[in-house]
Every structure is written in structure tokens, then in C-alpha cells.
Amino acid sequence: MAVKPRLSVVVPFYNVGEYIGECLDSIARQTWADFEAILVDDGSFDDSTVVAKEFCTRDSRFRLVQQDNAGLGPARNTGADHATGEYVAFVDSDDLVTRHGFGLLVRTLDRTGSDFAGGNARRFNNSYGVRPSYLQRQCFTRDRLATHVSETPELVLDRMVWNKVYRRSFWNEYGYRFPAIRYEDYPVTLKAHLDAVTVDTLAAPVYFWRERESGDSITQQKFQLGNIRDRVVSAGMVMDLADRALPSIRRRVHAHFTQIDLLAVLSAFGTVPADEEQQLLGLTHQLLDRLDQSALDEAPRFDRLQYAALRAGDVELLRRLAQYRSDGGPVGDVRAVRRSRSWQLDYPGAREAAVPQELYQASDEDLTLATTVREVAWVDGRLSVKGTAEIRHLATRRSSSLRIALVIAGKSYPLRVRRYPTTDLHGDTALVGFEVRLGRELLAKCTAGPAHFDVRMRSGRVRRRDTLRGQRPGSPGWPPGAWIDDTNWIQPGPGRDDAFAVRRLSDPCRLTSVEQTPDALVLHGRSSFDQPSLFVTRSVAGGEEEVPLEVEGRDFTARLPIRPIIEETNPDDPFTQRTTRAFRLRSREGEEQVLLWTAGDRLVSRAEGGRAVMLTRSTGGYVNLHESPIRTTATSAVAAGNMLMVRGPDWGDVEFAWRRYLPDSDDHVDVACRQTISDDGWAAVVDLDALIPAQSAQDWILFATKPDGSSHAVQCEPFLSSRLPLTISRGANVLAVRPHAGTLHVEVR
């Protein structure tokens, strides 16, 4: 008698020949090997079935079930009916699972006895790399064992089925079935949360969901009428469940649909064809009428203006508001004008509509302080922080005032503020830019606890105050640190509540230099305690490995052989195939510190056998070791005249082009680069005028194409990220070179 697997993995598929091979390969690579994969062919007519059959032929854990096309929900139901394992999981056929994901979830359930377990997720595509998934980031912020939605209310937002492992006895006991609609997950996941005795949540990423450039995934087709109809039906099913749940859960569900789904449906008025307007109007009313008035009343003012236009049946106004939101919204950017003794928000084209006039009345809550951090650098030994500050809805006049202070352990130190014109929230040029510079004497007062920036602004009679926050891509996300004397290191970066902060690290454990030998990386550093031990850790997979040290006083040397790192091919990231390791020094007494990077401003890399090892820094300035397949990496970007030159190490034969994807399409426009190869690596040069659009703003991504035709977005090395953005003015246009999720972009405005 065959032994049943412990885990059944259900993979429905339909015409995903371009993606299914990578999906199934990520399942086959699992460290948790005791599984069966049930591949449900939902009537595919491309080569998806061929790929699936090949996997079944070479791996007996995979088996194929075929049916006529019925949709994702029914295909999942078919797979669950064929499952034999103790546990069951669902994977979408264009997505990826992390190598350790199923193992983490199953072992957690074995330990706790909970009904199901879920983990964090990441979004990815070839253009923007890997980045956090919005809802999962809120639900799976930390490990919680044996919890419940009633005590962890953010789990109300847990809409997806694919980042979980369910106990199959629990699944069968409640008879879960996916409806034959899109957005079929939420009715099942919320019911499971309500039915469960306990559930487990893990902060570690276990699932990567693909966001296609073509926009042809279900969640990306949000403005199609059929998609909207299913979304409204799904929301109704979820609200039926919430009506029978605790009042706190019901309120959270209604608030969520108001903030997410209703806005998405209203946005469809910006593109809906004339012959579908009345159908869209009816569907939107259907959703609006189900939502609690209290949730609608708490929505932002512009949203409530859209609700009023909907109730009035004013399709033309709905169209204008939707287009306005897509062009420049959300409407934290609408101007306020003084009328009598109060402020009123001036929505373009909306004032003649028959909507309540109080919706135009601006309250104190509307006129809030908005700040950003746009550039962080060290200039002449001082820390320079550039950003923007403005009061939402108000024009920033030259008579306005701006005060910024650094707050250290509760004590405020005023800073000299240089103000300059730059682009504001409305897309206009206004006096919203600022720069502050922090000298060594002030920085020496900082502590290991985060020092934050207090921002106060006055415009006319309006005064506002807040903490500096809003780090933009580039150096604000990868802020460079520096020594201010022989023993004190200053590291800017994120603080509490997304505030931008500064920390002083006194005599930290640090990497001071790196040298390469033919077969190893040799690390030199200094410990802040005697007789240290060095450990290499993997945050996702867990565990640690001790690295032998040569120690002289507090100075140490460690030798990292390259080949064992490359040969251990079990990546933590299933998309980039990258594994990241961190370094920790530990004293005999158990004191521990993460190893800080102070070894210069360039990575150390080695390519061998199609894979690359890179020693570099993390966002917080600590030492990271990355091992991955060779991906073309940019290490510098320089503008000279009309030319933009990007450089990097030469790891193979590729051709470079700046690529712009057409809206909702896999089609793209390429601008080829002139390239050279030297002992220093490759250089790719483009004429900047070729990237400037005739009309609308555009976003270009640097791509490298191999001789076999495969292409990938060029990676932006962390030290380059810490020197960006690079801003270039060309006539009426401004071009900004900056990183996004680890890839290199040029934004043209």
C-alpha cells in the first residue's frame, strides 16, 4: 500500500505556458520533500499541458488531472478533491514558492496543532524586481502562533489562499468550495479564519506572486466589466460572512472594502466605454449600498465626493473624478482656497455638480503636513538631508516659514534650513524643497537610539508640525553612513513609525577591508569585544555556520572559500535565485553584534560557473553576502552633456537597452545603448533625448539581453543606490535615475 504524502499541493493552470515551468520547478525544489503536486489542467490549449506532463514524467510526486475549462475556483476544488495528504496548499501556476516555505508552515502546524498557517508574500516581475506585497505585509508582520482573527484583527485583510497550508481534516470538515468567479479567495479565507480554532502567522516570506507586465492576471484586469461584476459578487459573499461575525470584524471588513474595492470600482469610470456606463453604475451602487454608512463617513473627502456623484447618477462627473485621480490623485493634492473665514477644496470641474456643498469644506485634518526625504549624502564631512515639506492643499508661498530640528533623547537642536523650489504635490514648482546639514559636533550628541527630525511649517495662519518621513527610492532607502571620529559611526535610516532617523554607533563590530584570493574572499575587521566568534546566518532558512577566525587583540581575519558557497545552490528567493547571508560577531559571554560595513563604497564580487558571489551592504549598512545566478549589475551612473553612462562588472556577453513597456502589454519600446568593454567592465551609453517623450511622463528600465534572446532588468548595486537619485534637467523635462526594488530606472517628467 502506497504511503500517503503529508502535503498535497494543488496547482490549477490554464494557458500559462510561459510561466508554469518556473512555478513547478519552485515546488520541486522544496526542502520539504514529502508532498504530492496535483496539477489541474483547466482546459488549456497552449503548451502548458506539455510542460505539466513532462514534470509528471520525471518526478513521481507530480500528477495531472484534466477537465474542461471551468475557471480557477472550480479547478482548485477539483484539485482539493484529489488531495490525499494530511495538509493541503494551493499555488497559482504563474507564481513561485520559496524553497523553505512549505517546510516552515508544516513544521509550525505540527508544533501548534492549529487549523492552518500562513506566511508573508512578495510581489515580483522582470521590470521592478521583488518588493513587499501590501496586504500580506500588514497581516504577517511577525510570528504569531495559535492566534485568531478575533484577537489579531489585521487578519481580516488576509484575502488570499495561496500563502497558506491548511490541515486537510479542517478543510474537509467545513467543506470549503471556491465559487466559480474571480476574487474567489476572500470568501474562503475569511470563512476559514472565522471557523478556525487557532491559526499561525509567520513573518518569513513563503510565496512570490507574479505581477505581469501585460496586466493580464486577474487582479490586474480590475477595470474590465466582468472582473468588476465578480469583485462585487465576492464582496457581497464576504459581507454576508461578516454580518454573522463579531462587530469588530464586521467593521473592519466594511472599512477594508470602502478603502480598497469601492475605490477600484469607482476608478473604472475613467475608462469605461459609453455602452457599459449604466451596467457599471448599477454594479457600483450594488457595492455602495451594502457598505456601512459609518465606514463611508470616515472615508477621505474626495472619496465622499465620488459617493455623492454616484448617488446622483452623474456619470460625467464620475468620469472626470476618476480621471483626475488616475492623473494626479489621490486627492491629497487638491488646492484649497479661502472663502469667507473657511477653506474650501477646489476640485476641478466638480463644483457645478449637484452634490452636498459641505464636501468642499476643508477641515484641519485635510490641511496636514506632507514631507519626503529625497536625497541623503555626506558633503564636506557633514550629513546632508534633502527633501520636501508642504501643507497639503495649500500653495506654498515665499512668505511661508519652515523650521527643522534634530531631536536627540527628547532634546531639540534647531538646524539651519536652506529652502529651494522643486516639484510639489500638485506637480507645480514651488518653494517646498529643503536641505539641512548636520555637523560632526551635533552628530556626536546622537545615541544608539534613533534621533528624529521635527518639522514645523507655517503658511499664512496655518501652522503644522510632524516628524520627517517619506523616504524615496535611492539614497533615502540606502543612506550612506560615515565615521565622525576614530570610534563613532553615524548611520542614517528608518526609525520608529517610518520616521527618518540618525543613530550613532560607538565602536561597532565592523568589516574594515576585503581582499580576493583565487579561491576565497578574505575579510578583515575589528570587534568591539575580546575573543570574538564569527557566524554566518540565513534569515529565511535559519541556522548559522561558524567561520574560523584569526584574532590579534580585537582585530580579526576570516577566510570565506568561494566554491562551497556556489555549490550550495538552494536559493531563498525563487525569482532572483538569490541567497542572502548576514554576519554576526559573538563574545564568549553571549554578547552579539551584526557586522557593520565600513570597507569602502564598492562591492566585492566574483563570478564562477554561471553564478556570482557579492559581498556588499544592507539597507541598514551591515555586511551581506549574496549568492545568485549571474545578473548584470550596475555599479555607477554618470551624466555628461546629453549622455547617460552606466557601468558595471563584465560577467558575460549581453546587449543593453533602455526599455519602456506599453500600458497593459508585454510589448515594449527599446532604446539601444552604445556599449564598450574594458578591463574595468562594461559601459552602456544612451542619448538622453531619446528617452524624453513627446507628451506624457515615462519610466524606462535598463535591460540586458543575452545572445539566446533572454533578457533581464539590470540590477542596481547597493552602493550605487546610496548615491542616487541622479537628477538631470533637459529643457522642460527632468530625468531622475533611481533604483526601484533593486533594478535601475530613469523616470522622465
# chains A, B, ... in the order shown; residues from 1 in each chain; ligands from 1
call {"tool": "select_by_dssp", "arguments": {"residues": "range 146-237 of chain A", "states": "helix (DSSP H, G or I)", "output": "PyMOL selection string"}}
result
chain A and resi 153-157+168-174+185-195+218-220+225-237
call {"tool": "closest_atom_pairs", "arguments": {"of": "range 355-466 of chain A", "to": "range 736-749 of chain A", "cutoff": "12 Å", "atoms": "only C-alpha atoms", "output": "tab-separated table"}}
result
residue	atom	partner	partner_atom	distance
A:Arg374	CA	A:Arg738	CA	10.7
A:Glu375	CA	A:Arg738	CA	10.8
A:Thr423	CA	A:Arg749	CA	10.3
A:Gly427	CA	A:Arg749	CA	9.7
A:Asp428	CA	A:Arg749	CA	11.7
call {"tool": "closest_residue", "arguments": {"among": "A:Arg159, A:Lys445, A:Arg631, A:Arg437", "to": "Cys139 in chain A", "atoms": "only C-alpha atoms"}}
result
A:Arg159
call {"tool": "residues_around", "arguments": {"residues": "range 716-724 of chain A", "least_positions_apart": "6", "cutoff": "8 Å", "atoms": "only C-alpha atoms", "output": "list of chain:residue names"}}
result
A:Glu375, A:Val376, A:Ala377, A:Gly474, A:Ser475, A:Pro476, A:Gly477, A:Trp478, A:Pro479, A:Pro480, A:Asp601, A:Arg602, A:Leu603, A:Thr616, A:Arg617, A:Ser618, A:Thr619, A:Thr633, A:Ala634, A:Thr635, A:Ser636, A:Ala637, A:Val737, A:Arg738, A:Pro739, A:Gly742, A:Thr743, A:Leu744
call {"tool": "residues_around", "arguments": {"residues": "Gly495 in chain A", "least_positions_apart": "4", "cutoff": "8 Å", "atoms": "only C-alpha atoms", "output": "number ranges by chain"}}
result
A: 450, 452, 499-502
call {"tool": "residues_around", "arguments": {"residues": "range 668-671 of chain A", "least_positions_apart": "5", "cutoff": "7 Å", "atoms": "only C-alpha atoms", "output": "ChimeraX atom specification"}}
result
/A:657-662
call {"tool": "residues_around", "arguments": {"residues": "range 585-598 of chain A", "least_positions_apart": "6", "cutoff": "7 Å", "atoms": "only C-alpha atoms", "output": "PyMOL selection string"}}
result
chain A and resi 508-512+529-535+617+621-623
call {"tool": "closest_residue", "arguments": {"among": "A:Phe703, A:Trp209, A:Phe90, A:Phe35", "to": "Phe124 in chain A", "atoms": "only C-alpha atoms"}}
result
A:Trp209
call {"tool": "residues_around", "arguments": {"residues": "range 105-122 of chain A", "least_positions_apart": "6", "cutoff": "8 Å", "atoms": "only C-alpha atoms", "output": "PyMOL selection string"}}
result
chain A and resi 87+130-133+136-137+139-141+145-146+163-167+170+196-209
call {"tool": "write_last_selection", "arguments": {"atoms": "N, CA, C and O atoms", "output": "CSV table (one decimal), in the first residue's frame"}}
result
chain,number,residue,atom,x,y,z
A,87,TYR,N,-2.0,17.6,4.9
A,87,TYR,CA,-2.2,19.0,4.7
A,87,TYR,C,-2.4,19.3,3.2
A,87,TYR,O,-2.1,18.5,2.4
A,130,VAL,N,11.7,42.4,-7.0
A,130,VAL,CA,11.0,41.8,-5.9
A,130,VAL,C,10.7,42.9,-4.9
A,130,VAL,O,11.6,43.7,-4.6
A,131,ARG,N,9.4,43.0,-4.4
A,131,ARG,CA,9.1,44.0,-3.4
A,131,ARG,C,8.0,43.5,-2.5
A,131,ARG,O,7.4,42.5,-2.9
A,132,PRO,N,7.7,44.1,-1.4
A,132,PRO,CA,6.7,43.6,-0.5
A,132,PRO,C,5.3,43.6,-1.1
A,132,PRO,O,5.0,44.4,-2.0
A,133,SER,N,4.5,42.7,-0.6
A,133,SER,CA,3.1,42.6,-1.0
A,133,SER,C,2.3,43.3,0.0
A,133,SER,O,2.4,43.0,1.2
A,136,GLN,N,-0.3,41.4,2.5
A,136,GLN,CA,0.4,40.4,3.3
A,136,GLN,C,1.4,41.1,4.3
A,136,GLN,O,1.6,40.6,5.4
A,137,ARG,N,2.0,42.2,3.9
A,137,ARG,CA,2.9,42.9,4.8
A,137,ARG,C,2.1,43.4,6.1
A,137,ARG,O,2.7,43.5,7.1
A,139,CYS,N,-0.6,41.8,7.3
A,139,CYS,CA,-1.2,40.7,8.1
A,139,CYS,C,-0.1,39.9,8.8
A,139,CYS,O,-0.3,39.3,9.8
A,140,PHE,N,1.1,39.8,8.1
A,140,PHE,CA,2.1,38.9,8.6
A,140,PHE,C,3.4,39.6,9.0
A,140,PHE,O,4.5,39.4,8.5
A,141,THR,N,3.1,40.6,9.9
A,141,THR,CA,4.2,41.4,10.4
A,141,THR,C,5.2,40.7,11.3
A,141,THR,O,6.3,41.1,11.4
A,145,LEU,N,1.7,32.5,16.9
A,145,LEU,CA,1.3,31.1,17.0
A,145,LEU,C,0.0,30.9,17.7
A,145,LEU,O,-0.2,31.6,18.8
A,146,ALA,N,-0.9,30.1,17.2
A,146,ALA,CA,-2.2,29.8,17.8
A,146,ALA,C,-2.9,31.1,18.1
A,146,ALA,O,-3.4,31.3,19.2
A,163,ASN,N,-0.8,31.6,0.2
A,163,ASN,CA,0.4,31.7,1.0
A,163,ASN,C,0.1,30.9,2.3
A,163,ASN,O,0.7,31.2,3.4
A,164,LYS,N,-0.6,29.8,2.2
A,164,LYS,CA,-1.0,29.0,3.4
A,164,LYS,C,-0.9,27.5,3.2
A,164,LYS,O,-0.9,27.0,2.1
A,165,VAL,N,-0.9,26.8,4.3
A,165,VAL,CA,-1.0,25.4,4.4
A,165,VAL,C,-2.2,25.1,5.3
A,165,VAL,O,-2.2,25.6,6.5
A,166,TYR,N,-3.2,24.4,4.9
A,166,TYR,CA,-4.4,24.0,5.7
A,166,TYR,C,-4.3,22.6,6.1
A,166,TYR,O,-3.8,21.7,5.4
A,167,ARG,N,-4.8,22.3,7.3
A,167,ARG,CA,-5.0,20.9,7.8
A,167,ARG,C,-6.1,20.4,7.0
A,167,ARG,O,-7.2,20.9,7.0
A,170,PHE,N,-9.5,19.8,8.6
A,170,PHE,CA,-10.2,21.1,8.9
A,170,PHE,C,-10.9,21.5,7.6
A,170,PHE,O,-12.0,21.9,7.5
A,196,ALA,N,-11.8,28.6,12.2
A,196,ALA,CA,-10.6,28.0,12.8
A,196,ALA,C,-10.7,28.2,14.3
A,196,ALA,O,-11.2,29.3,14.8
A,197,VAL,N,-10.1,27.3,15.1
A,197,VAL,CA,-9.9,27.4,16.5
A,197,VAL,C,-8.7,28.3,16.7
A,197,VAL,O,-8.8,29.3,17.4
A,198,THR,N,-7.6,28.0,16.0
A,198,THR,CA,-6.4,28.8,16.0
A,198,THR,C,-5.7,28.8,14.7
A,198,THR,O,-5.9,27.8,14.0
A,199,VAL,N,-5.0,29.8,14.4
A,199,VAL,CA,-4.2,29.8,13.1
A,199,VAL,C,-2.8,30.3,13.5
A,199,VAL,O,-2.6,31.0,14.6
A,200,ASP,N,-1.8,30.1,12.6
A,200,ASP,CA,-0.4,30.6,12.8
A,200,ASP,C,-0.1,31.5,11.7
A,200,ASP,O,-0.4,31.3,10.6
A,201,THR,N,0.6,32.6,12.1
A,201,THR,CA,1.2,33.5,11.0
A,201,THR,C,2.7,33.6,11.2
A,201,THR,O,3.2,33.7,12.3
A,202,LEU,N,3.4,33.6,10.0
A,202,LEU,CA,4.8,33.7,10.0
A,202,LEU,C,5.2,34.9,9.2
A,202,LEU,O,4.7,35.2,8.2
A,203,ALA,N,6.2,35.7,9.7
A,203,ALA,CA,6.7,36.9,9.0
A,203,ALA,C,7.6,36.5,7.9
A,203,ALA,O,7.8,37.3,7.0
A,204,ALA,N,8.2,35.3,7.8
A,204,ALA,CA,9.1,34.9,6.7
A,204,ALA,C,8.3,34.8,5.4
A,204,ALA,O,7.2,34.3,5.4
A,205,PRO,N,8.8,35.3,4.3
A,205,PRO,CA,8.1,35.1,3.0
A,205,PRO,C,8.1,33.7,2.6
A,205,PRO,O,9.1,33.0,2.6
A,206,VAL,N,6.9,33.2,2.2
A,206,VAL,CA,6.8,31.8,1.8
A,206,VAL,C,6.3,31.7,0.3
A,206,VAL,O,6.3,30.7,-0.3
A,207,TYR,N,5.9,32.9,-0.2
A,207,TYR,CA,5.2,32.9,-1.5
A,207,TYR,C,5.6,34.1,-2.3
A,207,TYR,O,5.6,35.2,-1.7
A,208,PHE,N,5.8,34.0,-3.6
A,208,PHE,CA,6.1,35.1,-4.5
A,208,PHE,C,5.0,35.1,-5.6
A,208,PHE,O,4.8,34.2,-6.3
A,209,TRP,N,4.2,36.2,-5.7
A,209,TRP,CA,3.2,36.3,-6.7
A,209,TRP,C,3.6,37.3,-7.8
A,209,TRP,O,4.1,38.4,-7.5
call {"tool": "select_by_dssp", "arguments": {"residues": "range 426-537 of chain A", "states": "strand (DSSP E or B)", "output": "short mmCIF file (atom, residue, chain, number, x, y, z; two decimals) with N, CA, C and O atoms, in the first residue's frame"}}
result
data_model
loop_
_atom_site.label_atom_id
_atom_site.label_comp_id
_atom_site.auth_asym_id
_atom_site.auth_seq_id
_atom_site.Cartn_x
_atom_site.Cartn_y
_atom_site.Cartn_z
N THR A 429 5.99 73.85 -9.64
CA THR A 429 7.25 74.22 -9.00
C THR A 429 6.95 75.24 -7.91
O THR A 429 6.33 76.28 -8.16
N ALA A 430 7.35 74.93 -6.68
CA ALA A 430 7.06 75.79 -5.54
C ALA A 430 8.19 75.67 -4.53
O ALA A 430 9.04 74.79 -4.63
N LEU A 431 8.16 76.55 -3.53
CA LEU A 431 9.23 76.60 -2.53
C LEU A 431 8.99 75.51 -1.47
O LEU A 431 8.76 75.79 -0.30
N VAL A 432 9.07 74.25 -1.89
CA VAL A 432 8.82 73.14 -0.97
C VAL A 432 10.08 72.34 -0.66
O VAL A 432 10.10 71.53 0.26
N GLY A 433 11.16 72.54 -1.43
CA GLY A 433 12.38 71.79 -1.20
C GLY A 433 13.18 72.37 -0.04
O GLY A 433 13.13 73.56 0.25
N PHE A 434 13.91 71.49 0.65
CA PHE A 434 14.77 71.96 1.73
C PHE A 434 16.02 71.10 1.81
O PHE A 434 16.06 69.96 1.32
N GLU A 435 17.06 71.65 2.42
CA GLU A 435 18.26 70.90 2.77
C GLU A 435 18.70 71.31 4.16
O GLU A 435 18.70 72.50 4.50
N VAL A 436 19.04 70.31 4.98
CA VAL A 436 19.69 70.57 6.27
C VAL A 436 21.00 69.79 6.28
O VAL A 436 21.11 68.72 5.69
N ARG A 437 22.01 70.37 6.94
CA ARG A 437 23.31 69.70 7.07
C ARG A 437 23.66 69.60 8.55
O ARG A 437 23.58 70.58 9.28
N LEU A 438 24.08 68.40 8.95
CA LEU A 438 24.38 68.13 10.34
C LEU A 438 25.89 67.95 10.50
O LEU A 438 26.49 67.06 9.87
N ALA A 451 17.59 59.28 16.60
CA ALA A 451 17.28 60.71 16.69
C ALA A 451 16.45 61.07 15.46
O ALA A 451 16.82 60.73 14.34
N HIS A 452 15.32 61.75 15.65
CA HIS A 452 14.43 62.07 14.52
C HIS A 452 14.41 63.56 14.25
O HIS A 452 14.93 64.37 15.03
N PHE A 453 13.80 63.93 13.13
CA PHE A 453 13.73 65.32 12.69
C PHE A 453 12.32 65.85 12.94
O PHE A 453 11.34 65.28 12.44
N ASP A 454 12.23 66.94 13.68
CA ASP A 454 10.96 67.61 13.95
C ASP A 454 10.79 68.73 12.93
O ASP A 454 11.66 69.59 12.78
N VAL A 455 9.67 68.72 12.20
CA VAL A 455 9.42 69.69 11.13
C VAL A 455 8.22 70.55 11.50
O VAL A 455 7.15 70.02 11.83
N ARG A 456 8.40 71.87 11.43
CA ARG A 456 7.30 72.80 11.69
C ARG A 456 7.19 73.77 10.52
O ARG A 456 8.20 74.33 10.07
N MET A 457 5.96 73.96 10.05
CA MET A 457 5.76 74.84 8.90
C MET A 457 4.58 75.77 9.16
O MET A 457 3.57 75.37 9.76
N ARG A 458 4.73 77.01 8.68
CA ARG A 458 3.65 77.99 8.76
C ARG A 458 3.41 78.56 7.37
O ARG A 458 4.34 78.95 6.66
N SER A 459 2.14 78.57 6.96
CA SER A 459 1.75 79.19 5.71
C SER A 459 0.53 80.05 6.00
O SER A 459 -0.57 79.52 6.25
N VAL A 462 -1.98 79.15 8.92
CA VAL A 462 -1.98 77.71 9.15
C VAL A 462 -0.59 77.28 9.61
O VAL A 462 0.41 77.54 8.95
N ARG A 463 -0.54 76.60 10.76
CA ARG A 463 0.70 76.06 11.29
C ARG A 463 0.56 74.55 11.44
O ARG A 463 -0.45 74.07 11.96
N ARG A 464 1.58 73.84 10.99
CA ARG A 464 1.55 72.38 11.10
C ARG A 464 2.91 71.86 11.57
O ARG A 464 3.95 72.48 11.33
N ARG A 465 2.87 70.67 12.20
CA ARG A 465 4.09 70.08 12.76
C ARG A 465 4.01 68.56 12.61
O ARG A 465 2.96 67.96 12.81
N ASP A 466 5.13 67.95 12.25
CA ASP A 466 5.18 66.49 12.13
C ASP A 466 6.64 66.05 12.13
O ASP A 466 7.56 66.87 12.08
N THR A 467 6.83 64.74 12.14
CA THR A 467 8.15 64.14 12.04
C THR A 467 8.51 63.95 10.58
O THR A 467 7.64 63.61 9.76
N ARG A 469 9.43 62.18 7.42
CA ARG A 469 9.25 60.80 6.97
C ARG A 469 9.08 60.81 5.45
O ARG A 469 9.22 61.82 4.81
N GLN A 471 10.61 58.39 2.98
CA GLN A 471 11.85 58.13 2.25
C GLN A 471 11.56 57.67 0.82
O GLN A 471 10.83 56.71 0.62
N ALA A 482 28.95 57.07 7.90
CA ALA A 482 30.32 57.59 7.87
C ALA A 482 30.85 57.71 9.29
O ALA A 482 30.09 57.84 10.26
N TRP A 483 32.19 57.68 9.40
CA TRP A 483 32.85 57.94 10.67
C TRP A 483 32.85 59.44 10.94
O TRP A 483 33.10 60.24 10.04
N ASN A 488 33.38 56.49 16.35
CA ASN A 488 31.93 56.70 16.25
C ASN A 488 31.47 56.77 14.80
O ASN A 488 31.97 57.58 14.01
N TRP A 489 30.51 55.92 14.49
CA TRP A 489 29.95 55.81 13.16
C TRP A 489 28.52 56.33 13.19
O TRP A 489 27.73 56.00 14.10
N ILE A 490 28.15 57.14 12.20
CA ILE A 490 26.79 57.66 12.09
C ILE A 490 26.07 56.92 10.97
O ILE A 490 26.56 56.85 9.84
N GLN A 491 24.90 56.35 11.31
CA GLN A 491 24.12 55.62 10.31
C GLN A 491 22.71 56.21 10.22
O GLN A 491 21.90 56.03 11.13
N PRO A 492 22.40 56.94 9.15
CA PRO A 492 21.01 57.36 8.93
C PRO A 492 20.17 56.16 8.50
O PRO A 492 20.70 55.13 8.06
N GLY A 493 18.86 56.32 8.60
CA GLY A 493 17.98 55.25 8.15
C GLY A 493 16.61 55.36 8.76
O GLY A 493 16.29 56.34 9.44
N PRO A 494 15.77 54.35 8.55
CA PRO A 494 14.40 54.39 9.08
C PRO A 494 14.39 54.25 10.59
O PRO A 494 15.16 53.49 11.17
N ALA A 499 9.65 57.09 10.49
CA ALA A 499 10.37 58.36 10.55
C ALA A 499 11.80 58.17 10.03
O ALA A 499 12.37 57.08 10.12
N PHE A 500 12.36 59.23 9.48
CA PHE A 500 13.76 59.21 9.08
C PHE A 500 14.59 59.55 10.31
O PHE A 500 14.31 60.52 11.02
N ALA A 501 15.63 58.75 10.58
CA ALA A 501 16.33 58.86 11.85
C ALA A 501 17.84 58.80 11.64
O ALA A 501 18.33 58.44 10.57
N VAL A 502 18.56 59.13 12.70
CA VAL A 502 20.02 59.08 12.71
C VAL A 502 20.45 58.37 13.99
O VAL A 502 19.94 58.68 15.08
N ARG A 503 21.39 57.42 13.86
CA ARG A 503 21.92 56.71 15.02
C ARG A 503 23.43 56.86 15.07
O ARG A 503 24.08 56.89 14.02
N ARG A 504 23.98 56.89 16.28
CA ARG A 504 25.43 56.86 16.46
C ARG A 504 25.82 55.51 17.03
O ARG A 504 25.31 55.09 18.08
N LEU A 505 26.70 54.81 16.33
CA LEU A 505 27.20 53.50 16.77
C LEU A 505 28.62 53.70 17.30
O LEU A 505 29.52 54.10 16.55
N SER A 506 28.82 53.43 18.59
CA SER A 506 30.11 53.65 19.22
C SER A 506 30.92 52.36 19.20
O SER A 506 30.49 51.33 19.73
N ARG A 510 32.96 45.76 12.99
CA ARG A 510 32.89 46.22 11.61
C ARG A 510 33.88 45.48 10.72
O ARG A 510 34.90 44.98 11.17
N LEU A 511 33.48 45.46 9.45
CA LEU A 511 34.35 44.98 8.38
C LEU A 511 35.15 46.17 7.88
O LEU A 511 34.59 47.19 7.50
N THR A 512 36.49 46.05 7.88
CA THR A 512 37.33 47.18 7.51
C THR A 512 37.90 47.07 6.10
O THR A 512 38.16 48.09 5.46
N SER A 513 38.10 45.84 5.60
CA SER A 513 38.60 45.68 4.24
C SER A 513 38.35 44.25 3.78
O SER A 513 38.10 43.36 4.60
N VAL A 514 38.40 44.07 2.46
CA VAL A 514 38.21 42.74 1.85
C VAL A 514 39.26 42.57 0.78
O VAL A 514 39.55 43.50 0.01
N GLU A 515 39.86 41.39 0.73
CA GLU A 515 40.77 41.08 -0.37
C GLU A 515 40.34 39.76 -1.01
O GLU A 515 39.71 38.92 -0.36
N GLN A 516 40.66 39.61 -2.28
CA GLN A 516 40.31 38.40 -3.01
C GLN A 516 41.56 37.57 -3.29
O GLN A 516 42.60 38.11 -3.68
N THR A 517 41.43 36.27 -3.07
CA THR A 517 42.45 35.32 -3.50
C THR A 517 41.82 34.48 -4.61
O THR A 517 40.62 34.61 -4.88
N ALA A 520 39.00 32.45 -2.64
CA ALA A 520 38.32 32.88 -1.42
C ALA A 520 38.21 34.39 -1.35
O ALA A 520 38.91 35.14 -2.04
N LEU A 521 37.30 34.84 -0.48
CA LEU A 521 37.23 36.22 -0.03
C LEU A 521 37.82 36.26 1.38
O LEU A 521 37.43 35.47 2.24
N VAL A 522 38.72 37.18 1.60
CA VAL A 522 39.36 37.30 2.91
C VAL A 522 38.86 38.58 3.57
O VAL A 522 39.05 39.69 3.05
N LEU A 523 38.19 38.44 4.70
CA LEU A 523 37.57 39.54 5.41
C LEU A 523 38.47 39.98 6.56
O LEU A 523 38.94 39.15 7.35
N HIS A 524 38.69 41.29 6.64
CA HIS A 524 39.43 41.86 7.76
C HIS A 524 38.49 42.79 8.52
O HIS A 524 37.73 43.56 7.92
N GLY A 525 38.55 42.73 9.84
CA GLY A 525 37.65 43.56 10.62
C GLY A 525 38.12 43.77 12.03
O GLY A 525 39.21 43.32 12.42
N ARG A 526 37.27 44.45 12.78
CA ARG A 526 37.58 44.72 14.18
C ARG A 526 36.33 44.50 15.02
O ARG A 526 35.24 44.94 14.68
N SER A 533 33.75 35.34 18.12
CA SER A 533 33.46 34.27 17.16
C SER A 533 32.59 34.86 16.07
O SER A 533 31.73 35.71 16.33
N LEU A 534 32.79 34.41 14.81
CA LEU A 534 32.04 34.95 13.67
C LEU A 534 31.09 33.88 13.14
O LEU A 534 31.50 32.73 12.93
N PHE A 535 29.84 34.26 12.93
CA PHE A 535 28.82 33.33 12.45
C PHE A 535 28.15 33.91 11.21
O PHE A 535 27.87 35.11 11.15
N VAL A 536 27.89 33.05 10.23
CA VAL A 536 27.14 33.42 9.04
C VAL A 536 25.74 32.85 9.19
O VAL A 536 25.56 31.67 9.49
N THR A 537 24.71 33.70 8.98
CA THR A 537 23.33 33.27 9.18
C THR A 537 22.51 33.54 7.93
O THR A 537 22.81 34.44 7.14
#
call {"tool": "closest_residue", "arguments": {"among": "A:Leu625, A:Val10, A:Ala37, A:Leu367", "to": "Ala582 in chain A", "atoms": "only C-alpha atoms"}}
result
A:Leu625
call {"tool": "decode", "arguments": {"residues": "range 595-613 of chain A", "atoms": "C-alpha atoms", "output": "CSV table (one decimal), in the first residue's frame"}}
result
chain,number,residue,atom,x,y,z
A,595,LEU,CA,28.8,43.2,11.4
A,596,LEU,CA,28.8,46.8,10.1
A,597,TRP,CA,30.2,47.6,6.6
A,598,THR,CA,33.0,50.2,6.8
A,599,ALA,CA,35.1,48.7,4.0
A,600,GLY,CA,34.7,51.4,1.3
A,601,ASP,CA,32.0,52.3,-1.1
A,602,ARG,CA,32.2,49.4,-3.7
A,603,LEU,CA,31.0,45.8,-3.6
A,604,VAL,CA,33.4,42.9,-3.9
A,605,SER,CA,32.2,40.3,-6.4
A,606,ARG,CA,33.3,37.0,-8.0
A,607,ALA,CA,31.6,35.2,-10.9
A,608,GLU,CA,32.2,31.5,-11.5
A,609,GLY,CA,30.4,28.7,-13.2
A,610,GLY,CA,27.4,30.9,-14.2
A,611,ARG,CA,26.9,32.1,-10.6
A,612,ALA,CA,28.1,35.2,-8.7
A,613,VAL,CA,29.1,35.9,-5.1
